[in-house]
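Written below as structure tokens is the structure these notes are about.
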Amino acid sequence: MSPMYGRSHEWSTNISDSDSEEEPKLPLNQFYPYIRCALCCGFLIDATTITECLHTFCKSCIVKHFFYSNRCPTCSIVVHQTQPLYNIRPDRQLQDIVYKMVPFLEEFEREQMCKFYKERGLEVPKPVVVSPPVPVVLKRQKKDNIPQSVFTIPPELDVSLLLEFVGAEEGINNYKPLERRYVRVSGEATVRHVELFIRRKMELSSTCQVDVVCGDHLLDHYQSLKDIQNSVGEEALQDGLLVLHFGLVLPSQS
């Protein structure tokens with residue numbers, strides 16, 4: 001658990017102050033709904049996402065919230081009946097984005113952390129520093145020296161999905177296109193998590209039902225992606241991606 005020290009709540013800046021005149025400049029406050037924590041109203045620090053509903057908060061904020069509630073602060077869904085901390089995951093990519101969008105936030109947070117430990121007489125945790133290789137090693141590995149990506153993929157995200165939209169039943173018109181068809185998730189995620197992701201991105205009505213199909217199999221909400229991949233086999237894969245087709249239907253009238 002990260003230390004729960006104070007946070008900065010107000011920053012006034014534009015995202016691209018150093019950009020050229022031709023490029024549009026957007027005020028940072030237009031992105032507040034995506035980069036601020038709904039609990040502390042500050043910018044996300046140690047961004048942590050609830051797997052059941054995909055809402056994101058500061059790690060320390062959501063941990064403190066779960067001391068007295070097992071529901072999501074935003075949508076009130078039950079995260080877990082007894083252990084809500086089981087269903088939260090770090091969102092490293094979003095945290096990287098926040099640090100890049102808000103100037104000096106990462107440095108300010110590091111200063112606050114050092115102050116927090118020093119005021120309590122505790123040893124400040126040392127950052128992990130990777131020692132640069134000696135020149136001889138660099139020359140030997142020159143051919144294999146491939147530039148690394150800015151964003152690293154966490155090892156727990158071990159399944160790559162391709163979500164293919166097959167259409168909507170007549171009468172369903174009010175939805176957005178799914179722009180993010182390629183998703184990398186944990187194999188422990190279930191079809192229910194995929195449905196929640198689709199609902200959120202397409203802004204679907206609660207009266208609309210999402211049917212998810214893999215090959216010729218209509219999937220149940222409780223099935224995990226790892227089990228689906230193992231049971232269907234190579235037929236479900238396309239260039240290493242697990243292909244899931246989904247459609248929007250109206251609930252059957254009983």
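Letters for chains follow the order of the structure tokens (A, B, ...), residue numbers begin at 1 for each chain, and ligand numbers begin at 1 in the order shown.
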
Find the spatial neighbours of stretch 168-174 of chain A, counting only C-alpha atoms, within a cut-off of 10 Å - ignore same-chain residues fewer than 6 positions away - and output them as a list in words. Met202, Glu203, Leu204, Ser205, Thr207, Cys208, Gln209, Val210, Phe246, Gly247, Leu248, Val249 and Leu250 of chain A

If you run DSSP on the backbone here, which positions in stretch 148-238 of chain A get alpha helix (DSSP H)? Please write them as a PDB file with N, CA, C and O atoms, in the first residue's frame.
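Generated file (selection-v5.pdb):
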```
ATOM      1  N   VAL A 191     -16.053 -13.203 -19.221  1.00  0.00           N
ATOM      2  CA  VAL A 191     -16.871 -12.617 -20.283  1.00  0.00           C
ATOM      3  C   VAL A 191     -17.651 -11.422 -19.739  1.00  0.00           C
ATOM      4  O   VAL A 191     -17.911 -10.455 -20.464  1.00  0.00           O
ATOM      5  N   ARG A 192     -18.006 -11.476 -18.458  1.00  0.00           N
ATOM      6  CA  ARG A 192     -18.702 -10.349 -17.835  1.00  0.00           C
ATOM      7  C   ARG A 192     -17.845  -9.083 -17.886  1.00  0.00           C
ATOM      8  O   ARG A 192     -18.351  -7.989 -18.153  1.00  0.00           O
ATOM      9  N   HIS A 193     -16.542  -9.209 -17.657  1.00  0.00           N
ATOM     10  CA  HIS A 193     -15.651  -8.055 -17.726  1.00  0.00           C
ATOM     11  C   HIS A 193     -15.594  -7.499 -19.147  1.00  0.00           C
ATOM     12  O   HIS A 193     -15.571  -6.282 -19.338  1.00  0.00           O
ATOM     13  N   VAL A 194     -15.565  -8.396 -20.133  1.00  0.00           N
ATOM     14  CA  VAL A 194     -15.564  -7.951 -21.530  1.00  0.00           C
ATOM     15  C   VAL A 194     -16.853  -7.192 -21.837  1.00  0.00           C
ATOM     16  O   VAL A 194     -16.839  -6.142 -22.488  1.00  0.00           O
ATOM     17  N   GLU A 195     -17.978  -7.713 -21.364  1.00  0.00           N
ATOM     18  CA  GLU A 195     -19.258  -7.042 -21.594  1.00  0.00           C
ATOM     19  C   GLU A 195     -19.280  -5.654 -20.955  1.00  0.00           C
ATOM     20  O   GLU A 195     -19.743  -4.679 -21.562  1.00  0.00           O
ATOM     21  N   LEU A 196     -18.745  -5.541 -19.724  1.00  0.00           N
ATOM     22  CA  LEU A 196     -18.705  -4.237 -19.051  1.00  0.00           C
ATOM     23  C   LEU A 196     -17.836  -3.251 -19.825  1.00  0.00           C
ATOM     24  O   LEU A 196     -18.169  -2.063 -19.925  1.00  0.00           O
ATOM     25  N   PHE A 197     -16.730  -3.742 -20.368  1.00  0.00           N
ATOM     26  CA  PHE A 197     -15.863  -2.886 -21.173  1.00  0.00           C
ATOM     27  C   PHE A 197     -16.609  -2.386 -22.409  1.00  0.00           C
ATOM     28  O   PHE A 197     -16.564  -1.193 -22.747  1.00  0.00           O
ATOM     29  N   ILE A 198     -17.309  -3.292 -23.091  1.00  0.00           N
ATOM     30  CA  ILE A 198     -18.067  -2.921 -24.291  1.00  0.00           C
ATOM     31  C   ILE A 198     -19.162  -1.923 -23.945  1.00  0.00           C
ATOM     32  O   ILE A 198     -19.370  -0.922 -24.649  1.00  0.00           O
ATOM     33  N   ARG A 199     -19.874  -2.170 -22.863  1.00  0.00           N
ATOM     34  CA  ARG A 199     -20.957  -1.266 -22.449  1.00  0.00           C
ATOM     35  C   ARG A 199     -20.435   0.137 -22.171  1.00  0.00           C
ATOM     36  O   ARG A 199     -21.048   1.137 -22.559  1.00  0.00           O
ATOM     37  N   ARG A 200     -19.291   0.201 -21.504  1.00  0.00           N
ATOM     38  CA  ARG A 200     -18.740   1.508 -21.148  1.00  0.00           C
ATOM     39  C   ARG A 200     -18.267   2.260 -22.390  1.00  0.00           C
ATOM     40  O   ARG A 200     -18.546   3.457 -22.543  1.00  0.00           O
ATOM     41  N   LYS A 201     -17.556   1.581 -23.278  1.00  0.00           N
ATOM     42  CA  LYS A 201     -16.999   2.246 -24.452  1.00  0.00           C
ATOM     43  C   LYS A 201     -18.077   2.623 -25.471  1.00  0.00           C
ATOM     44  O   LYS A 201     -17.949   3.647 -26.153  1.00  0.00           O
ATOM     45  N   MET A 202     -19.117   1.822 -25.593  1.00  0.00           N
ATOM     46  CA  MET A 202     -20.170   2.092 -26.570  1.00  0.00           C
ATOM     47  C   MET A 202     -21.346   2.858 -25.965  1.00  0.00           C
ATOM     48  O   MET A 202     -22.295   3.189 -26.670  1.00  0.00           O
ATOM     49  N   LEU A 225     -11.452 -15.950 -19.753  1.00  0.00           N
ATOM     50  CA  LEU A 225     -10.846 -15.927 -21.088  1.00  0.00           C
ATOM     51  C   LEU A 225      -9.821 -17.035 -21.256  1.00  0.00           C
ATOM     52  O   LEU A 225      -9.676 -17.606 -22.344  1.00  0.00           O
ATOM     53  N   LYS A 226      -9.114 -17.373 -20.182  1.00  0.00           N
ATOM     54  CA  LYS A 226      -8.129 -18.449 -20.262  1.00  0.00           C
ATOM     55  C   LYS A 226      -8.822 -19.782 -20.537  1.00  0.00           C
ATOM     56  O   LYS A 226      -8.349 -20.582 -21.356  1.00  0.00           O
ATOM     57  N   ASP A 227      -9.958 -20.029 -19.867  1.00  0.00           N
ATOM     58  CA  ASP A 227     -10.694 -21.272 -20.100  1.00  0.00           C
ATOM     59  C   ASP A 227     -11.242 -21.332 -21.528  1.00  0.00           C
ATOM     60  O   ASP A 227     -11.228 -22.390 -22.162  1.00  0.00           O
ATOM     61  N   ILE A 228     -11.723 -20.189 -22.020  1.00  0.00           N
ATOM     62  CA  ILE A 228     -12.251 -20.146 -23.383  1.00  0.00           C
ATOM     63  C   ILE A 228     -11.156 -20.460 -24.386  1.00  0.00           C
ATOM     64  O   ILE A 228     -11.337 -21.260 -25.304  1.00  0.00           O
ATOM     65  N   GLN A 229      -9.993 -19.859 -24.197  1.00  0.00           N
ATOM     66  CA  GLN A 229      -8.879 -20.069 -25.115  1.00  0.00           C
ATOM     67  C   GLN A 229      -8.425 -21.518 -25.096  1.00  0.00           C
ATOM     68  O   GLN A 229      -8.105 -22.096 -26.139  1.00  0.00           O
ATOM     69  N   ASN A 230      -8.414 -22.137 -23.907  1.00  0.00           N
ATOM     70  CA  ASN A 230      -7.988 -23.533 -23.795  1.00  0.00           C
ATOM     71  C   ASN A 230      -9.009 -24.494 -24.383  1.00  0.00           C
ATOM     72  O   ASN A 230      -8.641 -25.508 -24.987  1.00  0.00           O
ATOM     73  N   SER A 231     -10.292 -24.185 -24.217  1.00  0.00           N
ATOM     74  CA  SER A 231     -11.339 -25.107 -24.668  1.00  0.00           C
ATOM     75  C   SER A 231     -11.566 -25.023 -26.176  1.00  0.00           C
ATOM     76  O   SER A 231     -11.756 -26.044 -26.845  1.00  0.00           O
ATOM     77  N   VAL A 232     -11.537 -23.820 -26.727  1.00  0.00           N
ATOM     78  CA  VAL A 232     -11.798 -23.664 -28.161  1.00  0.00           C
ATOM     79  C   VAL A 232     -10.552 -23.976 -28.978  1.00  0.00           C
ATOM     80  O   VAL A 232     -10.623 -24.512 -30.079  1.00  0.00           O
TER      81      VAL A 232
END
```

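The two atoms in question, atom CA of A:Gln30 and atom CA of A:Leu54, are spaced 20.5 Å apart.
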
Neighbours of A:Cys75 within 9 Å (only C-alpha atoms; same-chain residues fewer than 2 positions away dropped), as a PyMOL selection string? chain A and resi 53+55+71-73+77

Write the selection just made, keeping N, CA, C and O atoms, as an mmCIF file, in the first residue's frame?
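Here's the written file part_13.cif:
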```
data_model
loop_
_atom_site.group_PDB
_atom_site.id
_atom_site.type_symbol
_atom_site.label_atom_id
_atom_site.label_comp_id
_atom_site.auth_asym_id
_atom_site.auth_seq_id
_atom_site.Cartn_x
_atom_site.Cartn_y
_atom_site.Cartn_z
ATOM 1 N N CYS A 53 -16.019 -2.866 -12.838
ATOM 2 C CA CYS A 53 -16.705 -1.770 -13.533
ATOM 3 C C CYS A 53 -15.756 -0.857 -14.292
ATOM 4 O O CYS A 53 -16.210 0.055 -14.989
ATOM 5 N N HIS A 55 -13.818 1.522 -13.256
ATOM 6 C CA HIS A 55 -13.619 2.873 -12.742
ATOM 7 C C HIS A 55 -12.272 2.938 -12.022
ATOM 8 O O HIS A 55 -11.868 1.983 -11.356
ATOM 9 N N ARG A 71 -18.498 -1.270 -2.196
ATOM 10 C CA ARG A 71 -19.082 -0.815 -3.452
ATOM 11 C C ARG A 71 -18.186 0.209 -4.144
ATOM 12 O O ARG A 71 -17.422 0.919 -3.498
ATOM 13 N N CYS A 72 -18.311 0.282 -5.459
ATOM 14 C CA CYS A 72 -17.578 1.284 -6.225
ATOM 15 C C CYS A 72 -18.109 2.673 -5.872
ATOM 16 O O CYS A 72 -19.328 2.882 -5.855
ATOM 17 N N PRO A 73 -17.247 3.638 -5.592
ATOM 18 C CA PRO A 73 -17.716 4.984 -5.241
ATOM 19 C C PRO A 73 -18.456 5.688 -6.371
ATOM 20 O O PRO A 73 -19.250 6.589 -6.114
ATOM 21 N N ILE A 77 -21.635 -0.440 -7.762
ATOM 22 C CA ILE A 77 -21.672 -1.878 -7.966
ATOM 23 C C ILE A 77 -20.896 -2.566 -6.840
ATOM 24 O O ILE A 77 -19.923 -2.021 -6.320
#
```

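For A:Arg36, the residues within 10 Å (counting only C-alpha atoms, excluding itself and residues fewer than 4 positions away along the chain) are His9, Asn29, Phe31, Tyr32, Cys40, Cys41, Gly42, Phe43, Leu44, Ile45, Ala47, Thr56, Phe57, Cys58 and Val98 of chain A.
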
Output file for the residues above (all heavy atoms, as a short mmCIF file (atom, residue, chain, number, x, y, z; two decimals), in the first residue's frame):
```cif
data_model
loop_
_atom_site.label_atom_id
_atom_site.label_comp_id
_atom_site.auth_asym_id
_atom_site.auth_seq_id
_atom_site.Cartn_x
_atom_site.Cartn_y
_atom_site.Cartn_z
N HIS A 9 -4.38 19.51 -5.63
CA HIS A 9 -5.70 19.40 -6.24
C HIS A 9 -5.91 20.35 -7.42
O HIS A 9 -6.79 20.13 -8.22
CB HIS A 9 -6.78 19.68 -5.20
CG HIS A 9 -6.79 18.68 -4.09
ND1 HIS A 9 -7.34 17.42 -4.24
CD2 HIS A 9 -6.29 18.72 -2.84
CE1 HIS A 9 -7.21 16.74 -3.11
NE2 HIS A 9 -6.57 17.51 -2.26
N ASN A 29 -8.17 21.20 -18.15
CA ASN A 29 -9.41 20.88 -17.43
C ASN A 29 -10.42 20.12 -18.28
O ASN A 29 -11.36 19.53 -17.76
CB ASN A 29 -10.04 22.14 -16.84
CG ASN A 29 -10.36 23.19 -17.90
OD1 ASN A 29 -10.36 22.89 -19.10
ND2 ASN A 29 -10.60 24.41 -17.46
N PHE A 31 -9.75 17.45 -19.70
CA PHE A 31 -9.42 16.04 -19.49
C PHE A 31 -9.58 15.62 -18.03
O PHE A 31 -9.27 14.48 -17.69
CB PHE A 31 -7.98 15.78 -19.94
CG PHE A 31 -7.75 16.04 -21.40
CD1 PHE A 31 -7.38 17.30 -21.84
CD2 PHE A 31 -7.94 15.04 -22.33
CE1 PHE A 31 -7.17 17.54 -23.19
CE2 PHE A 31 -7.74 15.27 -23.68
CZ PHE A 31 -7.35 16.53 -24.11
N TYR A 32 -10.05 16.52 -17.19
CA TYR A 32 -10.20 16.20 -15.77
C TYR A 32 -11.03 14.94 -15.51
O TYR A 32 -10.69 14.15 -14.63
CB TYR A 32 -10.82 17.38 -15.02
CG TYR A 32 -9.82 18.46 -14.64
CD1 TYR A 32 -8.48 18.35 -14.99
CD2 TYR A 32 -10.21 19.60 -13.94
CE1 TYR A 32 -7.57 19.33 -14.65
CE2 TYR A 32 -9.30 20.59 -13.59
CZ TYR A 32 -7.98 20.45 -13.95
OH TYR A 32 -7.08 21.41 -13.62
N CYS A 40 -10.69 11.99 -4.11
CA CYS A 40 -9.93 13.11 -3.55
C CYS A 40 -9.95 14.34 -4.44
O CYS A 40 -9.49 15.41 -4.02
CB CYS A 40 -8.49 12.69 -3.28
SG CYS A 40 -7.51 12.42 -4.81
N CYS A 41 -10.48 14.21 -5.66
CA CYS A 41 -10.55 15.30 -6.64
C CYS A 41 -9.17 15.79 -7.08
O CYS A 41 -9.05 16.86 -7.67
CB CYS A 41 -11.38 16.47 -6.10
SG CYS A 41 -13.10 16.04 -5.80
N GLY A 42 -8.13 15.05 -6.76
CA GLY A 42 -6.79 15.37 -7.25
C GLY A 42 -6.45 14.50 -8.43
O GLY A 42 -7.20 13.60 -8.81
N PHE A 43 -5.31 14.77 -9.05
CA PHE A 43 -4.87 13.95 -10.17
C PHE A 43 -4.53 12.54 -9.68
O PHE A 43 -4.10 12.35 -8.54
CB PHE A 43 -3.66 14.58 -10.85
CG PHE A 43 -3.96 15.88 -11.51
CD1 PHE A 43 -3.44 17.06 -11.02
CD2 PHE A 43 -4.79 15.93 -12.62
CE1 PHE A 43 -3.73 18.27 -11.63
CE2 PHE A 43 -5.08 17.14 -13.23
CZ PHE A 43 -4.56 18.32 -12.74
N LEU A 44 -4.75 11.57 -10.54
CA LEU A 44 -4.54 10.17 -10.17
C LEU A 44 -3.09 9.91 -9.80
O LEU A 44 -2.17 10.29 -10.51
CB LEU A 44 -4.94 9.26 -11.33
CG LEU A 44 -6.44 9.17 -11.64
CD1 LEU A 44 -6.66 8.49 -12.97
CD2 LEU A 44 -7.18 8.44 -10.53
N ILE A 45 -2.91 9.26 -8.64
CA ILE A 45 -1.59 8.82 -8.18
C ILE A 45 -1.69 7.33 -7.88
O ILE A 45 -2.58 6.89 -7.17
CB ILE A 45 -1.16 9.59 -6.91
CG1 ILE A 45 -1.09 11.09 -7.17
CG2 ILE A 45 0.18 9.06 -6.41
CD1 ILE A 45 -0.06 11.50 -8.20
N ALA A 47 -2.60 5.04 -10.07
CA ALA A 47 -3.93 4.76 -10.63
C ALA A 47 -4.28 3.28 -10.49
O ALA A 47 -3.50 2.41 -10.87
CB ALA A 47 -3.96 5.17 -12.11
N THR A 56 -11.59 4.08 -12.15
CA THR A 56 -10.21 4.21 -11.68
C THR A 56 -10.10 5.30 -10.62
O THR A 56 -10.72 6.36 -10.74
CB THR A 56 -9.27 4.53 -12.85
OG1 THR A 56 -9.42 3.51 -13.85
CG2 THR A 56 -7.82 4.55 -12.40
N PHE A 57 -9.27 5.04 -9.59
CA PHE A 57 -9.05 5.97 -8.49
C PHE A 57 -7.58 5.92 -8.08
O PHE A 57 -6.83 5.05 -8.53
CB PHE A 57 -9.92 5.58 -7.28
CG PHE A 57 -11.37 5.38 -7.61
CD1 PHE A 57 -11.85 4.13 -8.00
CD2 PHE A 57 -12.27 6.44 -7.55
CE1 PHE A 57 -13.18 3.94 -8.32
CE2 PHE A 57 -13.60 6.26 -7.88
CZ PHE A 57 -14.06 5.01 -8.26
N CYS A 58 -7.17 6.86 -7.22
CA CYS A 58 -5.86 6.74 -6.59
C CYS A 58 -5.84 5.46 -5.74
O CYS A 58 -6.86 5.10 -5.13
CB CYS A 58 -5.57 7.94 -5.69
SG CYS A 58 -5.57 9.53 -6.51
N VAL A 98 -1.06 10.32 -17.16
CA VAL A 98 -1.28 11.44 -16.23
C VAL A 98 0.02 12.20 -15.98
O VAL A 98 0.06 13.43 -16.03
CB VAL A 98 -1.87 10.93 -14.90
CG1 VAL A 98 -1.96 12.07 -13.88
CG2 VAL A 98 -3.25 10.33 -15.12
#
```

Residue among A:Ile50, A:Met113, A:Leu244, A:Cys61 lying closest to A:Ala38, counting only C-alpha atoms: A:Cys61

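Here atom CA of A:Leu218 is placed at a distance of 14.1 Å from atom CA of A:Glu164.
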
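Proximity ranking of A:Cys114, A:Val185, A:Leu105, A:Leu28 relative to A:Asp91 places A:Val185 first, based on only C-alpha atoms.
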
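Each of A:Ser206, A:Glu235, A:Lys118, A:Thr49 was compared to A:Tyr86 using only C-alpha atoms, and A:Thr49 turns out to be the nearest.
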